[in-house]
Structure formats: structure tokens, C-alpha cells
Amino acid sequence: MALELPVYLDYNATTPLDRRVLEAMMPYLTTDFGNAASRNHSFGWKAEAGVETAREQMASLIGAAAKDIVLTSGATESNNLAIKGVAEMYAEKGNHLITSPIEHKAVIDPCKYLEEHGYRVTWLRPDRYGVISADQVAEAITDKTILISIMAANNEIGTINPVADIGQVAHKHNVFFHCDATQAVGKIPIDVEAMGIDLLSASAHKIYGPKGVGCLYVRRHGPRVRLTCQMHGGGHERGMRSGTLNVAGIVGLGAACELCGREMAKEARRLTALRDRLHRGIVARVDYVTLNGHPTQRLPGTVNLSFAYVEGEALMMKMKDVAVSSGSACTSASLEPSFVLRGIGVSDALAHSSIRFSLGRFTTAEQIDYAIEQVVRGVNELRQLSPLYEAAEKGSPS
Ligand SMILES: *Cc1c(COP(=O)(O)O)cnc(C)c1O
């Protein structure tokens with residue numbers, strides 16, 4: 001069968017809906033359309049049953065109980081609810097938070113917002129691989145610290161943090177630990193008990209579920225975490241998040257979790273092999289390539305590379321049939337280099353030269369081999385136009 005183009009290698013941005021997930025959702029988009037909060041007829045009961053099953057599927061993937069799961073519109077909302085919710089609820093106890101500058105914007109921006117409203121935030125510096133250590137966290141804790149927010153795995157470089165160690169430090173000091181595990185859940189084992197996580201954010205669309213649905217795990221025992229709700233209304237989700245539940249989306253989140261849990265170990269091995277095939281295939285034929293992120297403590301499907309003397313944006317244009325992300329994530333109109341790469345000490349030039357390849361469930365070896373060809377051709381063409389590369393080749397300092 002001919003290779004279908006374009007090839008999608010941007011799974012960390014979003015994933016396609018798995019057909020099996022869509023099938024689980026279909027009844028709730030059609031016949032079983034009830035409001036899960038309707039307590040007095042079978043339409044409501046059916047919807048509620050679908051939601052409760054999904055809650056259990058989600059909970060079981062992270063070692064939680066169904067009652068601990070607060071359903072939201074996605075990880076952005078979950079992060080906001082966790083961070084601002086804890087900060088407001090425990091304002092009497094303290095005003096200090098600990099996080100890092102290479103978190104997702106949905107963690108950074110709520111923290112910055114709090115900074116503008118009387119809270120103090122310690123921004124821990126990651127090492128050159130993007131790791132935050134438990135020792136760094138321990139050193140930053142004061143008697144005013146109310147929350148630590150550190151991600152499980154980074155979306156741009158795939159680096160995995162020592163979450164269990166951080167959880168241990170947090171609990172030793174009686175500080176809540178929030179973990180944005182959006183990129184980790186369903187890909188690597190996550191257990192809120194074993195890892196000492198008090199609040200955990202996840203999103204369906206990163207794990208082959210629908211967009212616009214996610215959840216926040218909120219610990220109920222040892223210790224109990226309380227939150228100030230950010231969405232006021234009918235008092236849904238134990239009063240923590242009002243709004244009629246997105247029943248079909250939630251059922252999709254549950255089905256997506258179930259599939260990820262079942263296929264995780266095998267899929268992780270498959271993706272690690274494909275990821276390394278891509279990395280090695282490129283490095284074997286292109287020089288001046290550097291890996292951004294941890295060499296081993298990294299998500300199975302993520303490889304972020306810098307190609308010296310090449311603009312990431314230009315390289316993306318050269319390989320139009322391969323969908324990837326560049327390190328000049330143009331969140332703003334100006335092409336700012338990625339704050340994550342900057343945060344781990346990558347020079348602006350190399351940050352501008354970076355490409356994130358993120359692989360997933362439907363990635364094949366054939367697609368990887370095609371991507372390698374496109375990268376090699378693209379880099380070679382661009383470097384032929386680069387006087388800096390020419391100078392480097394001749395061995396002169398530039
Ligand atoms: C995608 C992502 C988010 C945002 O999730 P949404 O559900 O799209 O709001 C948050 N954190 C990380 C690490 C992500 O990768």
C-alpha cells in the first residue's frame with residue numbers, strides 16, 4: 001500500500017480520535033442524550049451511568065478512586081482549577097508556590113496571575129535535560145508554601161521528571177503536589193498513591209480521545225485537598241466545577257483511558273523503537289544535530305532535535321508532507337524561540353533550529369523512514385545556502 005501523505009508526527013499537540021473511542025461515544029451523541037444531572041428519568045440515569053463508568057476508567061489508569069475525579073474541559077482548565085483553587089482556598093495558610101519556567105503555559109500563566117495578586121512564586125531552574133530534582137523542590141519549600149506544581153513529562157522535549165521523589169518531599173513538608181500529567185498519562189505508568197500526587201491534570205485529546213474534555217484528580221484522603229471553585233453554578237462535580245457534563249466527551253475520555261491502560265507497555269516499546277529509529281536515521285546522515293531533552297528519561301514517542309545552521313521554520317516548509325512542530329512555537333506574532341528550550345539553556349540560534357517530532361498510535365516504520373528522507377533532503381538543501389555551515393565545514397570558527 002502506498003504511503004498516505006501527509007505524515008502526522010505531531011501527537012504531542014493533539015491526537016486523532018481512536019475509532020474505538022468514537023464508537024463508545026456514539027450512543028451518547030445520539031439516543032442516550034440525557035443530562036447526567038437529571039435524577040428522575042432513564043435518560044438522565046443512562047447518561048450518569050456512562051459518566052460514572054468513564055470516571056472509573058480514568059481513575060483506574062492513575063491508581064485513583066472514581067470519586068477523586070473532577071471532570072473539566074481539558075488540562076488547561078484542570079491546571080487553572082488546581083493552582084488558583086488551592087491558592088485561594090489556602091490563602092490563610094500561606095502565599096508561596098513552587099513551579100518551573102518550562103511548565104506548560106496553562107501552569108505558568110495561572111502562576112503569573114497569582115504573582116500579580118499577592119502570591120510569591122519560586123521558579124525552579126531545570127537542568128540541561130529539563131529535569132527538576134526533588135532536592136531543588138525541598139530547598140525551595142518555606143513555611144508559607146502551599147503548592148508545588150511540577151509536570152510529569154514535558155510536552156516539547158519529552159523529559160520525564162522524578163515525580164515520585166517530588167511527591168515524597170511534598171508530603172514530608174505537608175505541601176500539596178499538583179502534577180500536570182497531560183503528556184504522561186496513558187503513555188507511562190502514573191500512580192497517584194505511589195507518586196504522592198495530590199492533584200493531577202489530564203486531557204482526552206492527547207490520548208486519542210475528543211478535544212474539549214479532561215479531568216483533575218483531587219485527593220480526598222491523606223491529605224484531603226480542598227479547592228475554591230473557579231466556575232460557579234449548579235454545584236456539579238462535588239461543587240468544584242459547575243456546568244452540565246459533556247457526557248459523550250467524558251465517555252470518550254474514559255474509553256481512551258481504558259485503551260491506553262491496556263496497550264501501554266507494548267505501545268511504549270513500539271514507540272521507543274520508532275523514535276530511536278528516527279533519531280538514529282537522521283544522525284547517521286546529517287551532522288551537527290543535537291538532542292534536546294533527556295537521552296533516556298524521555299517519553300516513548302518524543303524526539304526534539306536541533307539542526308545547526310538551519311531555521312526550524314524553513315525546514316518545516318521544506319518538508320511539507322511531514323507535520324511536526326518547530327521550536328519557534330509562534331504563540332505570538334513574533335517568532336520567539338521556545339521558552340522551554342531557552343529554559344534548559346539552549347542558545348537562541350539552536351532553539352530556532354529545532355524540530356519536535358512526536359509519534360503516536362498510528363505511526364508506522366514506513367512513515368518514519370519517509371520522515372528521515374524528508375529531513376535529510378531538507379537540511380541538505382538549506383545548508384547549501386548557508387555560509388555559516390560552509391565555514392563550519394571548512395573548520396574555521398564561526
Ligand atoms: C496539551 C497540554 C495541556 C493543555 O491541555 P488542553 O486539554 O488542550 O487544555 C496542558 N499541559 C500539557 C503538558 C499539555 O501537553
# chains A, B, ... in the order shown; residues from 1 in each chain; ligands from 1
>>> residues_near_ligand(ligand="ligand 1", cutoff="7 Å", atoms="only C-alpha atoms and all ligand atoms", output="PyMOL selection string")
chain A and resi 12-13+73-77+104+106+151+153-155+180-183+203-206+211-214
>>> select_by_dssp(residues="stretch 225-316 of chain A", states="helix (DSSP H, G or I)", output="PyMOL selection string")
chain A and resi 237-239+247-283+312-316
>>> atom_distance(atom1="atom CA of A:Phe339", atom2="atom CA of A:Thr159")
14.8 Å
>>> closest_atom_pairs(of="stretch 29-73 of chain A", to="stretch 220-229 of chain A", cutoff="10 Å", atoms="only C-alpha atoms", output="JSON lines")
{"residue": "A:Ala64", "atom": "CA", "partner": "A:Arg220", "partner_atom": "CA", "distance": 10.0}
{"residue": "A:Ala65", "atom": "CA", "partner": "A:Arg220", "partner_atom": "CA", "distance": 9.3}
{"residue": "A:Lys67", "atom": "CA", "partner": "A:Arg220", "partner_atom": "CA", "distance": 8.4}
{"residue": "A:Asp68", "atom": "CA", "partner": "A:Arg220", "partner_atom": "CA", "distance": 6.4}
{"residue": "A:Ile69", "atom": "CA", "partner": "A:Arg220", "partner_atom": "CA", "distance": 9.9}
>>> write_last_selection(atoms="N, CA and C atoms", output="compact mmCIF listing (two decimals), in the first residue's frame")
# COMPACT_ATOMS: atom_id res chain seq x y z
N ALA A 64 -6.34 5.91 41.14
CA ALA A 64 -7.22 6.73 42.00
C ALA A 64 -8.57 6.05 42.16
N ALA A 65 -9.45 6.67 42.93
CA ALA A 65 -10.83 6.20 43.04
C ALA A 65 -11.70 7.11 42.18
N LYS A 67 -14.35 8.63 42.70
CA LYS A 67 -14.83 9.85 43.39
C LYS A 67 -13.81 10.98 43.40
N ASP A 68 -12.53 10.64 43.16
CA ASP A 68 -11.47 11.66 43.19
C ASP A 68 -11.40 12.46 41.89
N ILE A 69 -12.17 12.04 40.88
CA ILE A 69 -12.02 12.64 39.55
C ILE A 69 -13.02 13.77 39.34
>>> closest_atom_pairs(of="stretch 147-203 of chain A", to="stretch 260-270 of chain A", cutoff="10 Å", atoms="only C-alpha atoms", output="tab-separated table")
residue	atom	partner	partner_atom	distance
A:Val185	CA	A:Cys260	CA	8.5
A:Gly186	CA	A:Cys260	CA	4.9
A:Lys187	CA	A:Met264	CA	5.9
A:Ile188	CA	A:Met264	CA	7.0
A:Pro189	CA	A:Met264	CA	8.1
